[in-house]
>>> print(open('input.csv').read())   # CSV, C-alpha atoms
chain,number,residue,atom,x,y,z
A,846,MET,CA,88.3,132.6,125.1
A,847,SER,CA,86.2,135.0,123.1
A,848,ASP,CA,83.4,134.0,120.7
A,849,LYS,CA,82.8,136.8,118.3
A,850,THR,CA,82.3,135.0,115.0
A,851,PRO,CA,80.5,136.6,113.3
A,852,SER,CA,78.8,138.8,115.8
A,853,ALA,CA,76.4,141.7,115.9
A,854,GLU,CA,77.9,144.0,118.5
A,855,GLY,CA,74.8,146.1,119.1
A,856,PRO,CA,72.3,148.1,117.2
A,857,GLY,CA,73.9,150.2,114.5
A,858,THR,CA,77.3,148.6,115.1
A,859,PRO,CA,78.9,147.0,112.0
A,860,ARG,CA,79.1,143.2,112.2
A,861,VAL,CA,82.7,141.9,112.5
A,862,LEU,CA,84.2,138.6,111.8
A,863,SER,CA,87.0,137.6,114.2
A,864,VAL,CA,89.5,135.0,112.8
A,865,VAL,CA,93.0,133.9,113.6
A,866,ILE,CA,95.8,133.3,111.1
A,867,ASP,CA,96.3,129.6,112.0
A,868,ARG,CA,99.2,129.3,109.6
A,869,ILE,CA,100.7,130.8,106.4
A,870,GLU,CA,101.6,128.5,103.6
A,871,GLY,CA,103.5,130.5,100.9
A,872,ALA,CA,101.2,133.2,99.6
A,873,VAL,CA,98.1,131.7,101.4
A,874,ALA,CA,96.8,132.3,104.8
A,875,LEU,CA,94.8,129.6,106.5
A,876,LEU,CA,92.4,131.3,108.8
A,877,ALA,CA,90.5,129.7,111.7
A,878,ASP,CA,87.3,131.0,113.1
A,879,ASP,CA,86.1,130.5,116.7
A,880,ARG,CA,83.8,127.6,115.7
A,881,GLY,CA,86.6,125.4,114.3
A,882,GLY,CA,85.9,126.4,110.7
A,883,GLY,CA,88.6,127.4,108.3
A,884,ILE,CA,89.0,130.0,105.5
A,885,THR,CA,91.8,129.8,102.9
A,886,LEU,CA,92.7,133.3,101.8
A,887,PRO,CA,95.5,134.6,99.5
A,888,LEU,CA,97.6,137.0,101.5
A,889,ASP,CA,97.3,139.7,98.9
A,890,ARG,CA,93.6,140.0,99.7
A,891,LEU,CA,94.5,141.5,103.1
A,892,PRO,CA,95.4,145.2,103.1
A,893,PRO,CA,99.1,146.2,102.9
A,894,GLY,CA,100.8,148.0,105.8
A,895,HIS,CA,100.4,145.3,108.4
A,896,ALA,CA,102.5,142.3,109.3
A,897,TRP,CA,100.1,139.4,108.7
A,898,THR,CA,101.8,136.7,110.8
A,899,GLU,CA,100.8,133.4,112.2
A,900,GLY,CA,98.8,133.6,115.4
A,901,LEU,CA,97.5,137.2,114.7
A,902,VAL,CA,93.8,137.8,115.5
A,903,ILE,CA,92.1,139.7,112.7
A,904,ARG,CA,88.9,141.6,112.7
A,905,VAL,CA,87.1,141.8,109.4
A,906,PRO,CA,84.0,144.0,108.8
A,907,LEU,CA,81.1,142.2,107.2
A,908,ASP,CA,79.0,143.9,104.6
A,909,THR,CA,75.2,143.9,104.7
A,910,ALA,CA,75.1,140.5,103.0
A,911,GLY,CA,77.4,139.1,105.6
A,912,ARG,CA,80.4,138.9,103.3
A,913,PRO,CA,83.9,139.7,104.8
A,914,ASP,CA,85.5,142.9,103.5
A,915,TRP,CA,89.0,141.6,103.6
A,916,ARG,CA,90.5,144.9,102.3
A,917,SER,CA,89.3,146.5,105.5
A,918,ALA,CA,90.7,143.8,107.8
A,919,GLN,CA,92.6,145.0,110.9
A,920,PRO,CA,94.9,143.2,113.2
A,921,ASP,CA,93.6,142.9,116.8
A,922,HIS,CA,96.9,143.0,118.7
A,923,ALA,CA,95.2,143.2,122.1
A,924,GLU,CA,93.1,140.1,121.6
A,925,THR,CA,96.2,138.3,120.1
A,926,ARG,CA,98.1,139.1,123.3
A,927,ARG,CA,95.2,138.1,125.5
A,928,ARG,CA,94.9,134.7,123.8
A,929,LEU,CA,98.7,134.1,123.9
A,930,GLN,CA,98.6,134.8,127.6
A,931,GLU,CA,95.6,132.5,128.1
A,932,GLY,CA,97.5,129.7,126.3
A,933,ALA,CA,100.7,130.3,128.2
A,934,GLU,CA,98.9,130.3,131.6
A,935,ALA,CA,97.1,127.0,130.6
A,936,LEU,CA,100.5,125.5,129.8
A,937,GLU,CA,102.0,126.7,133.0
A,938,ARG,CA,99.2,125.0,135.0
A,939,LEU,CA,99.6,121.8,133.0
A,940,ARG,CA,103.3,121.7,133.6
A,941,GLU,CA,102.7,121.3,137.3
A,942,ARG,CA,101.3,117.8,136.5
A,943,ASP,CA,104.4,116.7,134.6
A,944,PRO,CA,106.0,113.8,136.5
A,945,GLY,CA,109.4,114.7,134.9
A,946,GLY,CA,112.0,112.5,133.3
A,947,ASP,CA,111.2,109.4,131.4
A,948,VAL,CA,107.8,107.9,131.6
A,949,LYS,CA,106.5,104.3,131.5
A,950,LEU,CA,103.0,103.7,130.3
B,1053,MET,CA,95.8,96.1,99.3
B,1054,LYS,CA,99.6,96.0,99.2
B,1055,ILE,CA,101.8,94.1,101.5
B,1056,ALA,CA,105.5,94.8,101.3
B,1057,THR,CA,108.2,93.0,103.3
B,1058,LEU,CA,111.7,94.2,103.9
B,1059,GLY,CA,114.4,92.2,102.3
B,1060,GLY,CA,113.7,92.8,98.6
B,1061,MET,CA,110.6,90.6,98.5
B,1062,ASN,CA,107.4,92.3,97.7
B,1063,LEU,CA,104.1,90.6,97.8
B,1064,HIS,CA,101.1,92.3,96.2
B,1065,ARG,CA,97.7,90.9,96.8
B,1066,ARG,CA,94.5,92.1,95.4
B,1067,VAL,CA,91.5,91.8,97.5
B,1068,ALA,CA,88.7,93.5,95.6
B,1069,ALA,CA,85.8,92.8,97.8
B,1070,ALA,CA,85.2,94.7,101.0
B,1071,ARG,CA,88.7,95.7,101.4
B,1072,VAL,CA,87.9,98.7,103.5
B,1073,ALA,CA,85.8,96.7,105.8
B,1074,LEU,CA,88.5,94.1,106.1
B,1075,PHE,CA,91.0,96.9,106.8
B,1076,ALA,CA,88.9,98.1,109.8
B,1077,LEU,CA,88.2,94.5,110.9
B,1078,VAL,CA,91.9,93.6,111.0
B,1079,LEU,CA,92.7,96.6,113.1
B,1080,THR,CA,89.7,96.0,115.4
B,1081,ALA,CA,90.6,92.4,116.0
B,1082,GLN,CA,94.3,93.1,116.6
B,1083,SER,CA,93.7,96.0,118.9
B,1084,ALA,CA,91.1,94.2,120.9
B,1085,SER,CA,93.4,91.2,121.4
B,1086,GLY,CA,95.6,93.2,123.7
B,1087,GLN,CA,98.7,91.0,123.3
B,1088,ASP,CA,100.7,90.7,120.2
B,1089,SER,CA,104.3,90.2,121.0
B,1090,ALA,CA,105.5,90.2,117.4
B,1091,ARG,CA,104.9,93.7,116.2
B,1092,VAL,CA,104.1,97.3,116.7
B,1093,ARG,CA,101.5,98.8,114.4
B,1094,VAL,CA,101.7,102.4,113.1
B,1095,VAL,CA,98.5,103.5,111.4
B,1096,PHE,CA,98.7,106.6,109.3
B,1097,LEU,CA,95.1,107.6,109.1
B,1098,ASP,CA,93.8,109.3,105.9
B,1099,VAL,CA,92.5,112.5,107.3
B,1100,GLY,CA,92.6,114.6,104.1
B,1101,GLN,CA,94.9,117.6,104.5
B,1102,GLY,CA,96.5,116.9,107.9
B,1103,ASP,CA,98.2,114.3,110.0
B,1104,ALA,CA,97.1,111.6,112.4
B,1105,ALA,CA,99.0,108.5,113.3
B,1106,LEU,CA,97.9,105.8,115.7
B,1107,VAL,CA,100.5,103.6,117.4
B,1108,ILE,CA,99.6,100.3,119.0
B,1109,SER,CA,102.3,98.5,120.9
B,1110,PRO,CA,102.5,94.7,121.1
B,1111,GLU,CA,100.9,94.9,124.6
B,1112,GLY,CA,98.0,96.9,123.2
B,1113,LYS,CA,99.2,100.3,124.5
B,1114,THR,CA,98.0,103.1,122.3
B,1115,ALA,CA,99.3,106.5,121.3
B,1116,LEU,CA,97.8,109.0,118.9
B,1117,ILE,CA,100.2,111.5,117.2
B,1118,ASP,CA,98.1,114.4,115.9
B,1119,ALA,CA,94.4,114.2,115.2
B,1120,GLY,CA,93.9,115.7,111.8
B,1121,PRO,CA,91.4,118.5,111.1
B,1122,ALA,CA,88.1,118.6,112.8
B,1123,ARG,CA,86.2,117.5,109.7
B,1124,ALA,CA,88.1,114.2,109.6
B,1125,ASP,CA,86.5,113.2,112.9
B,1126,VAL,CA,89.4,111.0,114.0
B,1127,ALA,CA,87.5,110.2,117.2
B,1128,ASP,CA,84.9,108.3,115.2
B,1129,ARG,CA,87.6,106.6,113.2
B,1130,LEU,CA,89.4,105.4,116.3
B,1131,ALA,CA,86.1,104.1,117.8
B,1132,ARG,CA,85.5,102.1,114.6
B,1133,PHE,CA,89.0,100.6,115.0
B,1134,GLY,CA,88.1,99.3,118.4
B,1135,ILE,CA,90.1,101.9,120.4
B,1136,ASP,CA,88.5,102.6,123.8
B,1137,THR,CA,91.3,104.3,125.7
B,1138,LEU,CA,94.5,106.1,124.8
B,1139,ASP,CA,97.7,106.0,126.8
B,1140,LEU,CA,99.2,109.0,125.1
B,1141,VAL,CA,98.0,111.8,122.8
B,1142,ILE,CA,100.7,113.9,121.2
B,1143,ALA,CA,100.1,117.2,119.4
B,1144,SER,CA,103.2,117.8,117.3
B,1145,HIS,CA,102.3,121.4,117.0
B,1146,ALA,CA,99.2,123.5,117.2
B,1147,ASP,CA,98.1,124.0,113.6
B,1148,ALA,CA,94.5,123.1,112.9
B,1149,ASP,CA,95.2,120.3,110.5
B,1150,HIS,CA,97.0,118.5,113.3
B,1151,ILE,CA,94.9,119.3,116.4
B,1152,GLY,CA,91.5,120.1,114.9
B,1153,GLY,CA,90.1,116.7,115.9
B,1154,MET,CA,92.0,116.4,119.1
B,1155,GLY,CA,89.6,117.9,121.5
B,1156,ARG,CA,86.9,115.5,120.6
B,1157,VAL,CA,89.4,112.6,120.9
B,1158,LEU,CA,90.1,113.6,124.5
B,1159,ARG,CA,86.5,114.0,125.3
B,1160,THR,CA,85.6,110.6,123.8
B,1161,PHE,CA,88.5,108.4,125.0
B,1162,PRO,CA,89.9,108.3,128.5
B,1163,THR,CA,93.4,109.5,128.0
B,1164,ARG,CA,96.3,109.0,130.4
B,1165,THR,CA,98.9,111.5,129.2
B,1166,PHE,CA,99.2,114.4,126.7
B,1167,LEU,CA,102.3,115.8,125.2
B,1168,ASP,CA,102.6,118.9,122.9
B,1169,ASN,CA,105.2,121.3,121.7
B,1170,GLY,CA,104.8,123.6,124.6
B,1171,THR,CA,104.2,126.6,122.3
B,1172,PRO,CA,100.9,128.5,122.7
B,1173,HIS,CA,98.7,129.3,119.7
B,1174,THR,CA,95.9,131.8,119.6
B,1175,THR,CA,93.2,129.8,117.9
B,1176,THR,CA,90.0,128.8,119.7
B,1177,THR,CA,90.7,125.2,118.7
B,1178,TYR,CA,94.0,125.3,120.6
B,1179,LEU,CA,92.7,127.1,123.7
B,1180,ARG,CA,89.8,124.7,123.9
B,1181,LEU,CA,92.2,121.8,123.6
B,1182,MET,CA,94.3,123.1,126.5
B,1183,HIS,CA,91.2,123.5,128.6
B,1184,ALA,CA,90.1,120.0,127.8
B,1185,VAL,CA,93.5,118.6,128.9
B,1186,ASP,CA,93.2,120.6,132.1
B,1187,SER,CA,89.6,119.9,133.0
B,1188,LEU,CA,89.9,116.2,132.2
B,1189,GLY,CA,92.8,115.8,134.6
B,1190,ILE,CA,95.1,114.4,131.9
B,1191,THR,CA,98.8,114.2,132.9
B,1192,TYR,CA,100.8,116.7,130.9
B,1193,LEU,CA,104.2,115.8,129.5
B,1194,ALA,CA,106.3,118.7,128.5
B,1195,PRO,CA,108.4,118.4,125.2
B,1196,LEU,CA,111.7,117.7,127.0
B,1197,ALA,CA,114.4,115.3,125.9
B,1198,ARG,CA,112.8,112.2,127.4
B,1199,THR,CA,111.6,108.8,126.5
B,1200,VAL,CA,108.1,107.5,126.9
B,1201,ALA,CA,107.8,103.7,127.1
B,1202,LEU,CA,104.6,102.6,125.4
B,1203,GLY,CA,104.8,99.0,126.6
B,1204,SER,CA,107.8,97.6,124.8
B,1205,VAL,CA,107.8,100.5,122.3
B,1206,SER,CA,110.1,103.4,123.0
B,1207,LEU,CA,109.0,106.9,122.0
B,1208,ARG,CA,112.0,109.2,122.2
B,1209,VAL,CA,110.9,112.9,122.4
B,1210,LEU,CA,112.9,115.3,120.3
B,1211,PRO,CA,112.2,118.8,121.7
B,1212,PRO,CA,111.2,121.6,119.4
B,1213,TRP,CA,113.9,123.8,118.0
B,1214,PRO,CA,114.6,126.4,120.7
B,1215,ALA,CA,115.0,129.2,118.2
B,1216,GLY,CA,111.9,128.3,116.2
B,1217,THR,CA,109.4,131.1,115.7
B,1218,SER,CA,106.6,129.4,113.9
B,1219,GLN,CA,104.4,126.5,114.9
B,1220,ASN,CA,106.0,124.4,112.1
B,1221,ASP,CA,109.5,125.0,113.3
B,1222,ARG,CA,108.4,124.3,116.9
B,1223,SER,CA,107.2,120.8,116.0
B,1224,VAL,CA,108.0,118.2,118.6
B,1225,ALA,CA,109.3,115.1,117.0
B,1226,ILE,CA,108.9,111.5,118.0
B,1227,LEU,CA,111.4,108.7,117.3
B,1228,LEU,CA,109.6,105.4,117.7
B,1229,ALA,CA,111.7,102.3,118.3
B,1230,PHE,CA,110.7,98.7,118.6
B,1231,GLY,CA,113.9,96.7,118.4
B,1232,ALA,CA,115.5,97.5,115.1
B,1233,PHE,CA,112.3,98.9,113.7
B,1234,ARG,CA,112.2,102.7,113.8
B,1235,THR,CA,109.7,105.4,112.7
B,1236,LEU,CA,110.4,109.1,112.8
B,1237,LEU,CA,107.5,111.6,112.9
B,1238,ALA,CA,108.5,115.3,113.0
B,1239,GLY,CA,105.3,117.1,112.5
B,1240,ASP,CA,105.6,120.0,110.1
B,1241,ALA,CA,109.2,120.8,110.8
B,1242,GLU,CA,110.8,122.8,108.1
B,1243,ARG,CA,114.4,123.1,107.0
B,1244,ASP,CA,115.8,125.0,109.9
B,1245,GLU,CA,114.3,122.7,112.5
B,1246,LEU,CA,115.3,119.6,110.5
B,1247,ARG,CA,118.9,120.9,110.8
B,1248,TYR,CA,118.4,121.3,114.5
B,1249,PHE,CA,117.1,117.7,114.8
B,1250,LEU,CA,120.2,116.5,113.0
B,1251,THR,CA,122.2,117.7,116.0
B,1252,LEU,CA,120.3,115.3,118.2
B,1253,ASP,CA,121.8,112.0,117.2
B,1254,ILE,CA,119.1,110.9,114.8
B,1255,PRO,CA,119.7,107.3,113.5
B,1256,GLU,CA,118.6,105.6,110.3
B,1257,VAL,CA,115.0,104.8,110.4
B,1258,THR,CA,112.7,102.3,108.8
B,1259,VAL,CA,109.8,104.7,108.3
B,1260,LEU,CA,109.9,108.4,107.8
B,1261,LYS,CA,106.8,110.5,107.9
B,1262,ALA,CA,107.5,113.3,105.5
B,1263,THR,CA,107.3,116.6,107.4
B,1264,HIS,CA,105.0,119.3,106.2
B,1265,HIS,CA,102.9,117.0,104.0
B,1266,GLY,CA,105.6,116.5,101.4
B,1267,ALA,CA,106.5,120.2,101.0
B,1268,ARG,CA,109.8,121.2,99.5
B,1269,ASN,CA,110.7,122.9,102.8
B,1270,GLY,CA,110.1,119.6,104.7
B,1271,VAL,CA,113.2,117.8,103.5
B,1272,THR,CA,116.9,118.5,103.1
B,1273,PRO,CA,119.7,116.4,101.6
B,1274,GLY,CA,121.2,116.0,105.1
B,1275,TRP,CA,117.9,114.9,106.6
B,1276,ILE,CA,117.3,112.2,104.0
B,1277,ALA,CA,121.0,111.1,104.1
B,1278,ARG,CA,120.9,110.7,107.8
B,1279,THR,CA,117.5,109.0,108.2
B,1280,ARG,CA,117.8,106.8,105.1
B,1281,PRO,CA,114.3,105.5,105.3
B,1282,SER,CA,113.0,102.4,103.6
B,1283,ILE,CA,109.5,103.9,103.6
B,1284,VAL,CA,108.3,107.4,103.4
B,1285,VAL,CA,104.7,108.2,104.3
B,1286,ILE,CA,103.2,111.5,103.1
B,1287,SER,CA,100.0,112.5,104.8
B,1288,LEU,CA,98.0,115.0,102.7
B,1289,GLY,CA,94.7,115.7,101.1
B,1290,ALA,CA,93.9,115.2,97.4
B,1291,ASP,CA,94.4,118.1,95.1
B,1292,ASP,CA,96.5,120.0,97.7
B,1293,LEU,CA,96.1,123.7,97.3
B,1294,LEU,CA,99.9,124.2,97.5
B,1295,GLY,CA,100.7,121.4,95.0
B,1296,ARG,CA,102.1,119.0,97.5
B,1297,PRO,CA,103.8,116.7,97.4
B,1298,ASP,CA,106.4,118.8,95.8
B,1299,PRO,CA,108.2,117.0,92.9
B,1300,ARG,CA,111.6,118.0,94.2
B,1301,ALA,CA,110.8,116.6,97.6
B,1302,LEU,CA,109.6,113.4,96.0
B,1303,ARG,CA,112.9,113.2,94.2
B,1304,TYR,CA,114.8,113.5,97.5
B,1305,TYR,CA,112.6,110.8,99.1
B,1306,SER,CA,113.0,108.4,96.2
B,1307,ALA,CA,116.7,109.0,95.6
B,1308,LEU,CA,117.7,106.3,98.1
B,1309,GLY,CA,115.1,103.9,96.9
B,1310,ALA,CA,112.5,104.4,99.6
B,1311,SER,CA,109.0,103.2,98.9
B,1312,ILE,CA,106.6,106.2,99.1
B,1313,TYR,CA,103.1,105.9,100.4
B,1314,ARG,CA,100.6,108.7,100.3
B,1315,THR,CA,97.3,109.0,102.1
B,1316,ASP,CA,95.8,110.9,99.3
B,1317,ARG,CA,96.2,107.9,97.0
B,1318,ASP,CA,96.6,104.9,99.3
B,1319,GLY,CA,94.1,105.9,102.0
B,1320,SER,CA,95.0,104.9,105.5
B,1321,ILE,CA,98.3,103.0,105.7
B,1322,VAL,CA,99.1,100.3,108.3
B,1323,ILE,CA,102.7,99.5,108.9
B,1324,GLU,CA,103.5,96.6,111.2
B,1325,GLY,CA,107.1,96.6,112.5
B,1326,HIS,CA,108.9,93.7,113.8
B,1327,ALA,CA,111.8,93.8,116.3
B,1328,ASP,CA,114.2,92.5,113.8
B,1329,GLY,CA,113.6,95.6,111.6
B,1330,SER,CA,111.3,93.9,109.1
B,1331,TYR,CA,107.9,95.3,108.4
B,1332,ASP,CA,104.7,94.8,106.5
B,1333,VAL,CA,102.6,97.5,104.9
B,1334,GLU,CA,98.9,97.4,104.2
B,1335,THR,CA,97.0,100.1,102.5
B,1336,GLN,CA,93.3,100.9,102.5
B,1337,HIS,CA,93.1,101.3,98.8
B,1338,VAL,CA,94.3,99.0,96.1
B,1339,ARG,CA,97.3,100.5,94.3
B,1340,GLN,CA,96.4,100.1,90.7
B,1341,ASP,CA,100.0,100.8,89.7
B,1342,SER,CA,101.4,98.1,91.9
B,1343,VAL,CA,99.1,95.2,91.4
B,1344,ARG,CA,100.8,92.4,89.5
>>> encode(input="input.csv", output="structure tokens")
Amino acid sequence: MSDKTPSAEGPGTPRVLSVVIDRIEGAVALLADDRGGGITLPLDRLPPGHAWTEGLVIRVPLDTAGRPDWRSAQPDHAETRRRLQEGAEALERLRERDPGGDVKL
Amino acid sequence: MKIATLGGMNLHRRVAAARVALFALVLTAQSASGQDSARVRVVFLDVGQGDAALVISPEGKTALIDAGPARADVADRLARFGIDTLDLVIASHADADHIGGMGRVLRTFPTRTFLDNGTPHTTTTYLRLMHAVDSLGITYLAPLARTVALGSVSLRVLPPWPAGTSQNDRSVAILLAFGAFRTLLAGDAERDELRYFLTLDIPEVTVLKATHHGARNGVTPGWIARTRPSIVVISLGADDLLGRPDPRALRYYSALGASIYRTDRDGSIVIEGHADGSYDVETQHVRQDSVR
């Protein structure tokens, strides 16, 4: 699990905000940062030419005042795949504990 | 405070003083007593925009279905209700308004079992939740067609739609039954998944939690005709960004005469179900439009 929100990635490196599209409701994206916070963003604030879909990790440059430059946002497909894999592996481990069938508590 | 009883008889009582405190006290006393053979309690917690429902069986067994957004701090709410352990925690799906508060719940209350929709998400909230289930040694229950007996309350698991491609349409649904009293909670399932659920032998229910917070895409004519609820509960925040509950959805829900309760107006909602199918409803806030 990465923690890059927002982060200075080294001297001279632009700061970048990493968020995930938690869900899309109509024309609005609900973004989740790595600290459990949320951002509500109209989808048309994101640049065209990308498929902005649920679960996609997005990297957003921050300006000198620390404000996200949404028009320069880019999908981070590698991090998206890595997180999906991490979640799938966690589920696989947990399934080994499943007693199966009906359960009486 | 409103109390409604099935059978056409509605009793409205106004308790102006300390009603919120009384609401909490009643829950605390009942849950601490452990044994109450007459009823199951389903508490729809007011978590703002999100879902969280607590089930307390007549034997005092407990299940939490969703845990609202992190800011709602459901763990603190459960503690104030006198809950000290949970027999089952269910994540209907992995959106933050359903699982945001779940990690803290698991770290606060010893939890026996955990069930989710088996569909990974990429948020840190989700990944941390999975790690919490793992590291705490909680028994995982996959979303298979199975029944979980919560004491004398049956929780039938309706697996997510196999063809679902979004978290909403991969919601796992729970059909609660205590004798003739039934409650159906289907997360944020949208139209396509609702059609799938209708292939799974869904009966009429007493209480239907509106899916997707009262959105238009959370109800279909077939869904409402099959379930024919007496009560519909809509869990949502005030001034919803998306204008929910959708007026067209409300028309569907009210078409068959169901009573509609909303957490944005009524606060938390306690429904006590009896094995003969009758029920009582108590709301946290006085309903000004229903006081007589």
>>> closest_atom_pairs(input="input.csv", of="chain A", to="chain B", cutoff="10 Å", atoms="all atoms listed in the file", output="Markdown table")
| residue | atom | partner | partner_atom | distance |
| --- | --- | --- | --- | --- |
| A:Met846 | CA | B:Thr1176 | CA | 6.8 |
| A:Ser847 | CA | B:Thr1176 | CA | 8.0 |
| A:Asp848 | CA | B:Thr1176 | CA | 8.5 |
| A:Val864 | CA | B:Thr1175 | CA | 8.2 |
| A:Val865 | CA | B:Thr1175 | CA | 5.9 |
| A:Ile866 | CA | B:Thr1175 | CA | 8.1 |
| A:Asp867 | CA | B:Asp1147 | CA | 6.1 |
| A:Arg868 | CA | B:Asp1147 | CA | 6.7 |
| A:Ile869 | CA | B:Ser1218 | CA | 9.6 |
| A:Glu870 | CA | B:Leu1294 | CA | 7.7 |
| A:Gly871 | CA | B:Leu1294 | CA | 8.0 |
| A:Ala872 | CA | B:Leu1294 | CA | 9.3 |
| A:Val873 | CA | B:Leu1294 | CA | 8.6 |
| A:Leu875 | CA | B:Ala1148 | CA | 9.1 |
| A:Leu876 | CA | B:Thr1175 | CA | 9.3 |
| A:Ala877 | CA | B:Thr1175 | CA | 6.8 |
| A:Asp878 | CA | B:Thr1176 | CA | 7.5 |
| A:Asp879 | CA | B:Thr1176 | CA | 5.2 |
| A:Arg880 | CA | B:Thr1176 | CA | 7.5 |
| A:Gly881 | CA | B:Thr1177 | CA | 6.0 |
| A:Gly882 | CA | B:Ala1122 | CA | 8.4 |
| A:Gly883 | CA | B:Ala1148 | CA | 8.6 |
| A:Thr885 | CA | B:Leu1293 | CA | 9.3 |
| A:Thr898 | CA | B:Ser1218 | CA | 9.3 |
| A:Glu899 | CA | B:Ser1218 | CA | 7.2 |
| A:Gly900 | CA | B:Thr1174 | CA | 5.4 |
| A:Leu901 | CA | B:Thr1174 | CA | 7.5 |
| A:Val902 | CA | B:Thr1174 | CA | 7.6 |
| A:Glu924 | CA | B:Thr1174 | CA | 9.0 |
| A:Thr925 | CA | B:Thr1174 | CA | 6.5 |
| A:Arg926 | CA | B:Thr1174 | CA | 8.5 |
| A:Arg927 | CA | B:Thr1174 | CA | 8.7 |
| A:Arg928 | CA | B:Thr1174 | CA | 5.2 |
| A:Leu929 | CA | B:Thr1174 | CA | 5.6 |
| A:Gln930 | CA | B:Pro1172 | CA | 8.3 |
| A:Glu931 | CA | B:Leu1179 | CA | 7.5 |
| A:Gly932 | CA | B:Pro1172 | CA | 5.1 |
| A:Ala933 | CA | B:Pro1172 | CA | 5.8 |
| A:Glu934 | CA | B:Pro1172 | CA | 9.3 |
| A:Ala935 | CA | B:Met1182 | CA | 6.3 |
| A:Leu936 | CA | B:Gly1170 | CA | 7.0 |
| A:Glu937 | CA | B:Gly1170 | CA | 9.4 |
| A:Arg938 | CA | B:Asp1186 | CA | 8.0 |
| A:Leu939 | CA | B:Tyr1192 | CA | 5.6 |
| A:Arg940 | CA | B:Tyr1192 | CA | 6.2 |
| A:Glu941 | CA | B:Tyr1192 | CA | 8.1 |
| A:Arg942 | CA | B:Thr1191 | CA | 5.7 |
| A:Asp943 | CA | B:Tyr1192 | CA | 5.2 |
| A:Pro944 | CA | B:Leu1193 | CA | 7.5 |
| A:Gly945 | CA | B:Leu1193 | CA | 7.6 |
| A:Gly946 | CA | B:Arg1198 | CA | 6.0 |
| A:Asp947 | CA | B:Thr1199 | CA | 5.0 |
| A:Val948 | CA | B:Val1200 | CA | 4.7 |
| A:Lys949 | CA | B:Ala1201 | CA | 4.6 |
| A:Leu950 | CA | B:Leu1202 | CA | 5.3 |
>>> atom_distance(input="input.csv", atom1="atom CA of B:Tyr1331", atom2="atom CA of B:Glu1111")
17.7 Å
>>> residues_around(input="input.csv", residues="A:Asp914", least_positions_apart="3", cutoff="12 Å", atoms="only C-alpha atoms", output="JSON, numbers by chain")
{"A": [859, 860, 861, 862, 890, 891, 892, 903, 904, 905, 906, 907, 908, 909, 910, 911, 917, 918, 919]}
>>> residues_around(input="input.csv", residues="B:Asp1098", least_positions_apart="3", cutoff="10 Å", atoms="only C-alpha atoms", output="short mmCIF file (atom, residue, chain, number, x, y, z; two decimals) with C-alpha atoms, in the frame of the given file")
data_model
loop_
_atom_site.label_atom_id
_atom_site.label_comp_id
_atom_site.auth_asym_id
_atom_site.auth_seq_id
_atom_site.Cartn_x
_atom_site.Cartn_y
_atom_site.Cartn_z
CA VAL B 1095 98.50 103.50 111.40
CA GLN B 1101 94.90 117.60 104.50
CA GLY B 1102 96.50 116.90 107.90
CA ASP B 1103 98.20 114.30 110.00
CA ALA B 1104 97.10 111.60 112.40
CA ALA B 1105 99.00 108.50 113.30
CA GLY B 1120 93.90 115.70 111.80
CA ALA B 1124 88.10 114.20 109.60
CA VAL B 1126 89.40 111.00 114.00
CA ARG B 1129 87.60 106.60 113.20
CA SER B 1287 100.00 112.50 104.80
CA LEU B 1288 98.00 115.00 102.70
CA GLY B 1289 94.70 115.70 101.10
CA ARG B 1314 100.60 108.70 100.30
CA THR B 1315 97.30 109.00 102.10
CA ASP B 1316 95.80 110.90 99.30
CA ARG B 1317 96.20 107.90 97.00
CA ASP B 1318 96.60 104.90 99.30
CA GLY B 1319 94.10 105.90 102.00
CA SER B 1320 95.00 104.90 105.50
CA ILE B 1321 98.30 103.00 105.70
CA GLN B 1336 93.30 100.90 102.50
#
>>> axis_aligned_box(input="input.csv", around="stretch 929-945 of chain A", padding_each_side="8 Å", output="JSON")
{"center_x": 102.5, "center_y": 124.3, "center_z": 130.6, "size_x": 29.8, "size_y": 37.0, "size_z": 29.4}
>>> build_atoms(input="input.csv", residues="stretch 1318-1322 of chain B", atoms="N, CA, C and O atoms", output="short mmCIF file (atom, residue, chain, number, x, y, z; two decimals), in the coordinates of the input")
data_model
loop_
_atom_site.label_atom_id
_atom_site.label_comp_id
_atom_site.auth_asym_id
_atom_site.auth_seq_id
_atom_site.Cartn_x
_atom_site.Cartn_y
_atom_site.Cartn_z
N ASP B 1318 96.67 106.26 98.73
CA ASP B 1318 96.60 104.90 99.30
C ASP B 1318 95.55 104.82 100.41
O ASP B 1318 95.28 103.73 100.90
N GLY B 1319 94.97 105.94 100.82
CA GLY B 1319 94.10 105.90 102.00
C GLY B 1319 94.91 105.71 103.24
O GLY B 1319 96.10 106.02 103.28
N SER B 1320 94.28 105.17 104.26
CA SER B 1320 95.00 104.90 105.50
C SER B 1320 96.08 103.82 105.24
O SER B 1320 95.88 102.93 104.41
N ILE B 1321 97.16 103.92 105.97
CA ILE B 1321 98.30 103.00 105.70
C ILE B 1321 98.68 102.39 107.08
O ILE B 1321 98.92 103.09 108.06
N VAL B 1322 98.72 101.07 107.10
CA VAL B 1322 99.10 100.30 108.30
C VAL B 1322 100.49 99.75 108.09
O VAL B 1322 100.70 99.02 107.12
#
